[in-house]
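File shown: target22.cif. Contents: mmCIF, C-alpha atoms.
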data_start
loop_
_atom_site.label_atom_id
_atom_site.label_comp_id
_atom_site.auth_asym_id
_atom_site.auth_seq_id
_atom_site.Cartn_x
_atom_site.Cartn_y
_atom_site.Cartn_z
CA MET A 1 0.00 0.00 0.00
CA LYS A 2 0.97 3.66 -0.22
CA PRO A 3 1.00 6.28 2.53
CA ARG A 4 -1.69 8.91 2.86
CA PRO A 5 -0.48 12.40 1.84
CA PHE A 6 1.73 14.36 4.23
CA ASP A 7 3.96 17.43 4.19
CA TYR A 8 7.70 16.80 4.06
CA VAL A 9 10.35 19.01 5.54
CA ARG A 10 14.09 18.45 5.70
CA PRO A 11 15.72 20.83 8.17
CA ASP A 12 19.46 21.57 8.00
CA THR A 13 19.97 22.14 11.71
CA VAL A 14 18.66 20.84 15.04
CA ASP A 15 17.28 24.32 15.80
CA GLU A 16 15.18 24.23 12.64
CA ALA A 17 14.00 20.69 13.45
CA VAL A 18 12.86 21.56 16.98
CA ALA A 19 11.14 24.71 15.70
CA ILE A 20 9.04 22.54 13.37
CA LEU A 21 8.29 20.09 16.18
CA ALA A 22 7.28 23.02 18.44
CA GLU A 23 4.80 24.13 15.76
CA HIS A 24 3.30 20.72 14.94
CA GLY A 25 3.76 18.61 18.08
CA ASP A 26 2.14 15.19 17.87
CA ASP A 27 0.94 15.81 14.29
CA ALA A 28 4.58 15.53 13.20
CA ARG A 29 6.71 12.41 12.97
CA VAL A 30 10.49 12.43 12.94
CA LEU A 31 11.93 10.51 9.99
CA ALA A 32 15.43 9.11 10.46
CA GLY A 33 16.05 5.63 9.02
CA GLY A 34 12.36 5.06 8.44
CA GLN A 35 12.68 1.28 8.63
CA THR A 36 9.66 1.03 10.92
CA LEU A 37 8.08 4.41 10.17
CA LEU A 38 7.83 3.91 6.39
CA ALA A 39 6.35 0.44 6.85
CA MET A 40 3.75 1.90 9.24
CA LEU A 41 3.02 4.71 6.74
CA ASN A 42 2.70 2.26 3.84
CA LEU A 43 0.30 0.13 5.87
CA ARG A 44 -1.56 3.30 6.95
CA VAL A 45 -1.21 2.39 10.61
CA ILE A 46 -0.21 6.01 11.22
CA GLU A 47 -1.22 9.17 9.37
CA PRO A 48 1.01 12.08 10.38
CA ALA A 49 0.41 15.54 8.92
CA ILE A 50 4.11 16.24 8.47
CA LEU A 51 7.36 14.25 8.34
CA VAL A 52 10.54 15.88 9.62
CA ASP A 53 13.54 14.28 7.90
CA ILE A 54 16.57 14.70 10.18
CA THR A 55 19.02 12.58 8.18
CA ARG A 56 20.91 15.50 6.64
CA ILE A 57 21.63 17.37 9.87
CA PRO A 58 25.42 16.97 10.12
CA GLU A 59 25.70 17.13 13.93
CA LEU A 60 23.31 14.17 14.32
CA GLY A 61 25.59 11.88 12.31
CA GLU A 62 28.35 11.55 14.89
CA ILE A 63 29.59 8.85 17.26
CA ARG A 64 31.80 10.26 20.00
CA GLU A 65 33.06 9.47 23.47
CA VAL A 66 32.03 11.94 26.16
CA ASP A 67 32.83 11.38 29.86
CA GLY A 68 33.06 7.61 29.67
CA LYS A 69 29.96 7.28 27.54
CA ILE A 70 29.59 6.64 23.84
CA GLU A 71 27.19 9.17 22.38
CA VAL A 72 25.46 8.06 19.20
CA GLY A 73 23.71 10.78 17.18
CA ALA A 74 20.14 10.42 15.94
CA ALA A 75 21.09 9.95 12.29
CA VAL A 76 23.70 7.21 12.92
CA THR A 77 22.60 3.94 11.33
CA GLN A 78 22.80 0.57 13.05
CA ASN A 79 25.37 -0.65 10.52
CA THR A 80 27.48 2.48 10.98
CA LEU A 81 27.68 1.74 14.71
CA LEU A 82 28.32 -1.93 13.99
CA ALA A 83 31.27 -0.96 11.74
CA TRP A 84 32.66 1.58 14.25
CA PRO A 85 36.20 0.30 14.88
CA ALA A 86 36.11 0.77 18.67
CA LEU A 87 32.73 -0.94 19.16
CA GLY A 88 34.03 -4.33 20.32
CA GLN A 89 36.29 -2.74 22.89
CA LYS A 90 33.99 0.03 24.15
CA LEU A 91 30.53 -1.49 23.76
CA PRO A 92 30.86 -5.27 23.43
CA LEU A 93 27.18 -5.73 24.33
CA LEU A 94 26.15 -3.69 21.28
CA ALA A 95 28.65 -5.61 19.14
CA ALA A 96 26.84 -8.80 20.22
CA ALA A 97 23.27 -7.50 19.92
CA LEU A 98 23.32 -5.33 16.77
CA PRO A 99 23.67 -8.24 14.29
CA PHE A 100 20.21 -9.38 15.49
CA VAL A 101 18.54 -6.06 14.64
CA GLY A 102 16.57 -6.61 11.43
CA HIS A 103 18.66 -7.51 8.40
CA PHE A 104 21.85 -6.21 6.77
CA GLN A 105 19.70 -4.20 4.34
CA THR A 106 17.52 -2.55 7.01
CA ARG A 107 20.49 -1.88 9.33
CA ASN A 108 22.02 0.14 6.46
CA LYS A 109 19.28 2.70 6.96
CA GLY A 110 17.67 2.03 10.33
CA THR A 111 19.09 4.17 13.12
CA VAL A 112 20.17 3.37 16.67
CA CYS A 113 18.07 6.21 18.08
CA GLY A 114 15.11 5.18 15.92
CA SER A 115 14.96 1.82 17.70
CA ILE A 116 15.03 3.65 21.02
CA ALA A 117 12.27 6.04 19.88
CA HIS A 118 10.08 3.20 18.62
CA ALA A 119 10.40 1.36 21.98
CA ASP A 120 9.35 -2.11 20.94
CA PRO A 121 9.33 -4.32 24.06
CA ALA A 122 11.30 -7.10 22.34
CA SER A 123 13.84 -4.85 20.66
CA GLU A 124 17.59 -5.38 21.07
CA ILE A 125 18.87 -1.77 21.26
CA PRO A 126 16.48 -0.59 24.00
CA LEU A 127 17.37 -3.74 25.96
CA SER A 128 21.10 -2.98 25.62
CA LEU A 129 20.57 0.66 26.65
CA ALA A 130 18.57 -0.45 29.70
CA VAL A 131 21.16 -3.02 30.85
CA LEU A 132 24.03 -0.55 30.42
CA GLU A 133 21.95 2.12 32.25
CA GLY A 134 22.36 4.55 29.39
CA GLU A 135 20.69 7.86 28.67
CA VAL A 136 18.51 9.50 26.03
CA VAL A 137 19.17 13.13 25.08
CA LEU A 138 16.08 15.15 24.10
CA ARG A 139 16.07 18.66 22.67
CA SER A 140 13.20 21.08 22.31
CA ARG A 141 12.96 24.85 22.03
CA LYS A 142 12.85 24.94 25.82
CA GLY A 143 16.25 23.26 26.14
CA THR A 144 17.83 19.85 26.63
CA ARG A 145 16.65 16.99 28.85
CA VAL A 146 18.66 13.89 29.60
CA LEU A 147 16.62 10.90 30.74
CA ALA A 148 17.82 7.57 32.07
CA ALA A 149 16.82 4.62 29.86
CA GLY A 150 14.39 3.38 32.51
CA GLU A 151 12.64 6.77 32.70
CA PHE A 152 12.53 7.15 28.92
CA GLN A 153 10.90 3.89 27.90
CA GLN A 154 7.56 3.77 29.68
CA GLY A 155 5.62 0.97 28.06
CA MET A 156 4.67 -0.80 24.87
CA LEU A 157 5.79 1.62 22.10
CA ALA A 158 5.44 4.42 24.67
CA THR A 159 8.18 6.80 25.76
CA ALA A 160 8.60 9.99 27.78
CA ARG A 161 9.34 12.02 24.64
CA ALA A 162 7.03 15.04 24.40
CA GLY A 163 5.61 15.99 21.00
CA ASP A 164 7.91 19.00 20.68
CA GLU A 165 11.07 17.04 21.54
CA LEU A 166 13.68 15.55 19.24
CA ILE A 167 15.89 12.69 20.37
CA THR A 168 19.30 14.03 19.38
CA ALA A 169 21.43 11.19 20.76
CA VAL A 170 21.64 8.21 23.07
CA ARG A 171 24.55 7.58 25.41
CA PHE A 172 25.85 4.10 26.21
CA PRO A 173 28.17 3.97 29.24
CA VAL A 174 31.49 2.18 28.74
CA VAL A 175 31.48 -0.40 31.53
CA SER A 176 33.89 -3.04 32.71
CA GLY A 177 32.81 -6.62 33.21
CA GLY A 178 31.67 -9.41 30.96
CA VAL A 179 28.66 -9.14 28.68
CA ALA A 180 26.54 -11.56 26.71
CA PHE A 181 23.41 -11.46 24.58
CA ARG A 182 21.06 -14.05 23.11
CA GLU A 183 17.58 -14.05 21.67
CA VAL A 184 15.06 -16.48 20.31
CA ALA A 185 13.10 -15.48 17.20
CA ARG A 186 11.14 -17.49 14.65
CA ARG A 187 13.75 -16.59 12.02
CA HIS A 188 16.96 -14.59 12.25
CA GLY A 189 16.11 -10.91 11.76
CA ASP A 190 12.53 -11.23 13.01
CA PHE A 191 11.45 -9.48 16.17
CA ALA A 192 12.66 -11.52 19.12
CA ILE A 193 10.19 -13.51 21.16
CA VAL A 194 12.49 -13.28 24.16
CA GLY A 195 15.89 -11.58 24.34
CA VAL A 196 18.34 -11.67 27.26
CA ALA A 197 21.36 -9.46 27.90
CA ALA A 198 23.68 -9.69 30.89
CA LEU A 199 26.47 -7.63 32.36
CA ALA A 200 28.58 -9.55 34.89
CA GLU A 201 30.40 -7.15 37.16
CA SER A 202 31.66 -10.19 39.04
CA LYS A 203 30.66 -13.84 39.49
CA THR A 204 28.14 -12.86 42.11
CA SER A 205 26.85 -9.52 40.81
CA ILE A 206 24.99 -9.54 37.53
CA ARG A 207 22.79 -7.02 35.80
CA LEU A 208 20.27 -9.03 33.84
CA GLY A 209 18.01 -7.53 31.18
CA VAL A 210 15.06 -9.33 29.63
CA ALA A 211 13.13 -8.21 26.54
CA GLY A 212 9.86 -9.60 25.26
CA MET A 213 8.40 -10.61 28.64
CA VAL A 214 6.76 -7.37 29.75
CA GLU A 215 5.94 -4.09 28.01
CA ARG A 216 9.50 -2.75 28.27
CA PRO A 217 12.98 -4.11 29.00
CA ALA A 218 13.09 -5.52 32.56
CA VAL A 219 16.42 -5.05 34.28
CA SER A 220 17.20 -6.65 37.61
CA ARG A 221 20.32 -7.30 39.61
CA ILE A 222 20.96 -10.87 40.67
CA LYS A 223 23.58 -12.02 43.12
CA PRO A 224 23.71 -15.75 42.47
CA ASP A 225 25.73 -18.32 44.33
CA GLY A 226 26.91 -20.73 41.62
CA ALA A 227 25.07 -22.23 38.64
CA ALA A 228 22.16 -23.49 40.75
CA GLY A 229 21.76 -19.98 42.17
CA VAL A 230 21.56 -18.55 38.65
CA ARG A 231 18.84 -21.01 37.66
CA GLU A 232 16.90 -20.28 40.83
CA ALA A 233 17.10 -16.49 40.34
CA ILE A 234 15.90 -16.82 36.74
CA GLU A 235 13.08 -19.15 37.75
CA ARG A 236 11.90 -16.49 40.23
CA LEU A 237 12.26 -13.79 37.57
CA ALA A 238 10.24 -15.79 35.02
CA TRP A 239 7.29 -15.99 37.41
CA GLU A 240 7.67 -12.39 38.49
CA LEU A 241 7.62 -11.10 34.88
CA GLU A 242 4.97 -13.65 33.86
CA GLY A 243 5.30 -12.87 30.12
CA TYR A 244 2.64 -11.68 27.72
CA GLU A 245 0.72 -13.61 25.16
CA ASP A 246 0.59 -12.71 21.47
CA VAL A 247 0.40 -14.37 18.07
CA HIS A 248 4.05 -15.45 18.27
CA ALA A 249 4.14 -17.12 21.67
CA SER A 250 2.15 -17.82 24.82
CA ALA A 251 3.22 -16.46 28.19
CA HIS A 252 4.07 -20.03 29.17
CA MET A 253 6.44 -20.35 26.20
CA ARG A 254 8.06 -16.99 27.01
CA ARG A 255 8.77 -18.09 30.60
CA ASP A 256 10.18 -21.32 29.29
CA LEU A 257 12.47 -19.51 26.82
CA LEU A 258 13.74 -17.25 29.62
CA ARG A 259 14.48 -20.31 31.78
CA ARG A 260 16.43 -21.87 28.92
CA ILE A 261 18.46 -18.96 27.56
CA GLY A 262 18.77 -16.90 30.77
CA PRO A 263 21.29 -19.18 32.52
CA VAL A 264 23.31 -19.58 29.30
CA VAL A 265 23.61 -15.80 28.90
CA VAL A 266 24.57 -15.29 32.54
CA GLU A 267 27.23 -17.99 32.33
CA GLU A 268 28.62 -16.50 29.11
CA ALA A 269 28.82 -13.06 30.75
CA ILE A 270 30.61 -14.50 33.80
CA ARG A 271 33.05 -16.38 31.59
CA CYS A 272 33.64 -13.25 29.52
CA ALA A 273 34.32 -11.26 32.73
CA ALA A 274 36.98 -13.72 33.89
CA MET B 1 15.58 23.77 4.53
CA ARG B 2 13.73 21.68 1.94
CA ARG B 3 9.93 21.73 2.14
CA VAL B 4 7.41 19.95 -0.05
CA SER B 5 3.72 20.29 0.75
CA LYS B 6 1.15 17.54 0.73
CA GLY B 7 0.05 16.84 -2.84
CA GLU B 8 2.69 19.16 -4.32
CA ARG B 9 4.73 17.60 -7.10
CA ALA B 10 8.31 18.60 -6.47
CA ARG B 11 11.01 18.33 -9.09
CA LEU B 12 13.65 15.92 -7.78
CA SER B 13 17.02 15.23 -9.32
CA LEU B 14 19.26 12.33 -8.52
CA THR B 15 21.96 10.26 -10.15
CA LEU B 16 20.67 6.92 -11.42
CA ASN B 17 23.38 4.47 -12.47
CA GLY B 18 25.76 7.35 -13.15
CA ARG B 19 23.29 9.49 -15.13
CA LYS B 20 21.76 12.69 -13.76
CA LEU B 21 18.00 12.41 -14.05
CA ALA B 22 15.03 14.38 -12.74
CA GLY B 23 11.33 13.79 -12.29
CA GLU B 24 8.36 14.96 -10.29
CA ALA B 25 7.08 13.38 -7.10
CA GLU B 26 4.74 14.08 -4.20
CA PRO B 27 6.29 13.72 -0.73
CA ARG B 28 4.54 10.38 -0.20
CA MET B 29 5.95 8.76 -3.35
CA LEU B 30 8.22 5.83 -2.53
CA LEU B 31 11.62 5.61 -4.19
CA SER B 32 10.60 2.23 -5.66
CA ASP B 33 7.64 3.84 -7.45
CA PHE B 34 9.70 6.87 -8.51
CA LEU B 35 12.27 4.59 -10.15
CA ARG B 36 9.68 2.47 -11.93
CA HIS B 37 6.87 4.86 -12.81
CA VAL B 38 8.59 8.24 -13.15
CA LEU B 39 12.09 7.35 -14.35
CA GLY B 40 11.00 4.17 -16.16
CA ALA B 41 13.67 1.97 -14.57
CA THR B 42 11.59 -1.16 -14.09
CA GLY B 43 14.44 -3.51 -13.21
CA THR B 44 13.75 -2.84 -9.53
CA HIS B 45 10.79 -4.97 -8.47
CA VAL B 46 8.16 -4.25 -5.83
CA GLY B 47 6.81 -6.99 -3.60
CA CYS B 48 5.54 -6.46 -0.08
CA GLU B 49 6.01 -2.68 0.29
CA HIS B 50 6.84 -2.98 3.95
CA GLY B 51 10.48 -3.94 3.89
CA VAL B 52 10.20 -7.69 4.36
CA CYS B 53 10.65 -9.36 0.95
CA GLY B 54 13.74 -7.44 -0.19
CA CYS B 55 13.08 -7.48 -3.94
CA CYS B 56 13.08 -3.65 -4.16
CA THR B 57 16.61 -3.39 -2.70
CA VAL B 58 18.78 -0.76 -4.45
CA LEU B 59 22.00 1.02 -3.56
CA LEU B 60 21.67 4.51 -2.11
CA ASP B 61 25.08 6.19 -2.11
CA GLY B 62 26.54 2.69 -2.39
CA THR B 63 24.68 0.97 0.46
CA ALA B 64 21.91 -1.55 -0.02
CA VAL B 65 18.53 -0.26 1.18
CA ARG B 66 14.86 -1.03 0.68
CA SER B 67 13.55 1.42 -1.91
CA CYS B 68 10.00 0.79 -0.62
CA LEU B 69 11.07 2.09 2.81
CA THR B 70 12.66 5.20 1.30
CA LEU B 71 10.79 8.24 0.04
CA ALA B 72 11.75 9.50 -3.42
CA VAL B 73 12.39 12.93 -1.91
CA GLN B 74 14.92 11.39 0.49
CA ALA B 75 17.04 10.31 -2.49
CA GLU B 76 17.19 13.87 -3.84
CA GLY B 77 20.74 14.73 -4.87
CA ARG B 78 22.01 11.27 -4.05
CA ALA B 79 23.32 8.38 -6.13
CA VAL B 80 20.95 5.46 -6.75
CA THR B 81 22.26 2.26 -8.29
CA THR B 82 19.91 -0.42 -9.59
CA VAL B 83 20.15 -3.79 -11.30
CA GLU B 84 20.24 -2.07 -14.71
CA SER B 85 23.81 -0.97 -13.94
CA LEU B 86 25.26 -4.46 -13.57
CA ALA B 87 25.56 -5.81 -17.13
CA ASP B 88 27.68 -3.82 -19.58
CA GLY B 89 26.25 -1.90 -22.53
CA ASN B 90 26.24 -5.00 -24.75
CA GLY B 91 24.28 -7.05 -22.26
CA LYS B 92 27.30 -9.01 -21.01
CA LEU B 93 26.52 -10.14 -17.47
CA ASN B 94 28.86 -9.10 -14.67
CA ALA B 95 30.59 -11.72 -12.52
CA LEU B 96 27.82 -11.88 -9.92
CA GLN B 97 25.07 -12.20 -12.53
CA GLN B 98 27.07 -14.81 -14.45
CA ALA B 99 27.52 -16.81 -11.25
CA PHE B 100 23.72 -16.68 -10.71
CA GLN B 101 23.23 -18.13 -14.19
CA ASN B 102 25.90 -20.80 -13.67
CA ASN B 103 24.37 -21.96 -10.38
CA HIS B 104 20.67 -21.81 -11.32
CA ALA B 105 20.26 -19.17 -8.62
CA LEU B 106 16.99 -17.95 -10.08
CA GLN B 107 13.86 -19.40 -11.54
CA CYS B 108 11.12 -16.79 -11.97
CA GLY B 109 13.61 -13.98 -11.30
CA PHE B 110 11.24 -11.71 -9.40
CA CYS B 111 13.42 -11.49 -6.28
CA THR B 112 16.72 -11.49 -8.18
CA PRO B 113 17.28 -7.73 -8.74
CA GLY B 114 17.15 -7.05 -5.01
CA ILE B 115 19.41 -9.96 -4.13
CA LEU B 116 21.97 -8.87 -6.74
CA MET B 117 22.04 -5.35 -5.31
CA SER B 118 22.40 -6.57 -1.70
CA PHE B 119 25.40 -8.67 -2.63
CA THR B 120 26.88 -5.93 -4.80
CA ASP B 121 27.14 -3.85 -1.61
CA PHE B 122 28.06 -6.76 0.65
CA LEU B 123 30.85 -8.22 -1.54
CA ARG B 124 32.41 -4.79 -1.85
CA ARG B 125 32.66 -4.60 1.95
CA ASN B 126 33.46 -8.25 2.50
CA PRO B 127 35.08 -9.73 -0.63
CA ASN B 128 35.81 -13.07 1.00
CA PRO B 129 32.69 -14.06 2.97
CA SER B 130 31.97 -17.34 4.70
CA GLU B 131 28.90 -19.33 3.77
CA ALA B 132 27.32 -18.31 7.09
CA GLU B 133 27.83 -14.62 6.30
CA VAL B 134 26.23 -15.06 2.88
CA VAL B 135 23.25 -16.83 4.45
CA ASP B 136 22.92 -14.02 6.99
CA VAL B 137 22.69 -11.33 4.28
CA LEU B 138 20.37 -13.53 2.22
CA SER B 139 18.01 -13.73 5.21
CA GLY B 140 16.94 -10.21 4.21
CA HIS B 141 15.35 -11.59 1.01
CA LEU B 142 12.53 -13.94 0.18
CA CYS B 143 12.79 -16.31 -2.78
CA ARG B 144 9.94 -18.75 -3.33
CA CYS B 145 11.51 -20.72 -6.22
CA THR B 146 15.06 -21.74 -5.50
CA GLY B 147 15.32 -22.90 -1.89
CA TYR B 148 18.31 -20.49 -1.67
CA THR B 149 21.00 -23.16 -2.15
CA GLY B 150 21.86 -22.00 -5.67
CA ILE B 151 21.96 -18.37 -4.56
CA VAL B 152 24.47 -19.12 -1.79
CA ALA B 153 26.62 -21.11 -4.23
CA ALA B 154 26.47 -18.29 -6.79
CA VAL B 155 27.56 -15.61 -4.32
CA LEU B 156 30.44 -17.77 -3.09
CA GLU B 157 31.48 -18.44 -6.68
CA ALA B 158 31.35 -14.73 -7.57
CA ALA B 159 33.43 -13.90 -4.47
CA GLY B 160 35.98 -16.54 -5.52
CA GLU B 161 36.11 -15.12 -9.07
CA GLY B 162 36.57 -11.60 -7.71
CA ASN B 163 39.44 -12.70 -5.51
CA LYS B 164 41.09 -14.64 -8.36
CA SER B 165 41.04 -11.64 -10.69
CA LYS B 166 42.64 -9.48 -7.99
CA SER B 167 45.56 -11.80 -7.26
#

Translate this structure into structure tokens?
Amino acid sequence: MKPRPFDYVRPDTVDEAVAILAEHGDDARVLAGGQTLLAMLNLRVIEPAILVDITRIPELGEIREVDGKIEVGAAVTQNTLLAWPALGQKLPLLAAALPFVGHFQTRNKGTVCGSIAHADPASEIPLSLAVLEGEVVLRSRKGTRVLAAGEFQQGMLATARAGDELITAVRFPVVSGGVAFREVARRHGDFAIVGVAALAESKTSIRLGVAGMVERPAVSRIKPDGAAGVREAIERLAWELEGYEDVHASAHMRRDLLRRIGPVVVEEAIRCAA
Amino acid sequence: MRRVSKGERARLSLTLNGRKLAGEAEPRMLLSDFLRHVLGATGTHVGCEHGVCGCCTVLLDGTAVRSCLTLAVQAEGRAVTTVESLADGNGKLNALQQAFQNNHALQCGFCTPGILMSFTDFLRRNPNPSEAEVVDVLSGHLCRCTGYTGIVAAVLEAAGEGNKSKS
């Protein structure tokens, strides 16, 4: 199908972009990679009055290190971050998770910040941001707000972004410790049914993130005592999160997937920390 | 700042396969439709129109993207490369196309233009891929005829040919 008509505007600066958002608010949609937005427009799931194309704003195309965090601009594509030479050393969790985001062809255009803005509960990049306790940078005419990942993503496809705000960047902290990521999907490149990411600060202190169980990434800290302790903590977590039911999987299946891949991911993260 | 209003037909120029071309498009026109219906380049095929099947894949400034998930106006001033660019002026297939023929990597051919463009980008970045890497990139395309085996063999053969001619 084809989209309904809309106005198109391509600002050259962030100031111009936020001025347009201030004028149009929720009637506007920000277009970056468009790998979800264009599909939603083509299917007429959404009907915005105006699209604001931010892909040619030079300052949004940068990846830089600021105060121990890697700041990724809103126009940086997933494959650009994946090809960033320092990724494996600075953000090994993203190096592990990004290959699971869509396909080679959609990662060429889809942006890192776009995944954060879309806030799918099973999505890999929001899960990584949540586990690393990263931040989202929002600009409007009123100024800049920096929100923690957990404050930003509020629910199923719902975020704290106001209609007049532009996500200009996300910041992933550079952390020490071992990391690991796994997901289960029907086919590689599909949305995950359940995804698990772990950051092992030590053998007995692990930040565990789970996607696809509740309406947003669930991050908890577990302090397990050996392999049996890990399994026990994940068993408790599976019942606590419960899991939702949709066309892809029942809640029962989601809990079962978490029980199966959770301990593997935690063990990989511990091994990687050693 | 570029602005095009709803319903307005803006004149867009871009480079298609090395030639500067221009045509008119509303903001909502997809790049896939602009290529086929306005510029008359029908080598690019259109399948699902929501980014899943991959047959509309073209190169935008050298990287493989879905032309159905790209607005024509977004390609303004940029270089678009389509399947029409691959064979030479006399219709001689390039190495990748020839490898597809050698390995029976197509039957109906509907999905083929997109797959060729994906691997044109991919082999440039990774001239010596493993079978697993080829399968991973191919996962972004649907082919209902071949079962994919011939396509994987063709890409590996083309990569081997490319590496031979370099050494």

query = Pick from B:Ala154, B:Ala10, B:Val135, B:Ala72: nearest to His37 (chain B), with all atoms listed in the file counted?
reply =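 Closest to His37 (chain B), using all atoms listed in the file: B:Ala72.
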
inquiry  = As a check of understanding, name the residues that the PyMOL selection byres ((chain B) within 9 of (chain A)) selects in the supplied structure, as a ChimeraX atom specification.
reply    = /B:1-8,26-30,48-51,54,57,63-66,68-71,73-74,118,122,136-140

task = Given the file shown, enumerate the residues that the PyMOL selection byres ((chain B and resi 78) around 12) captures and present them as an NGL selection string.
result = (:A and (56)) or (:B and (12-22 or 31 or 59-63 or 72-77 or 79-81))

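What separates CA of Ile63 (chain A) from CA of Glu133 (chain A) is a distance of 18.1 Å.
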
inquiry  = Could you tell me how far CA of Leu106 (chain B) sits from CA of Glu84 (chain B), in Å to one decimal place?
reply    =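 It comes out at 16.9 Å.
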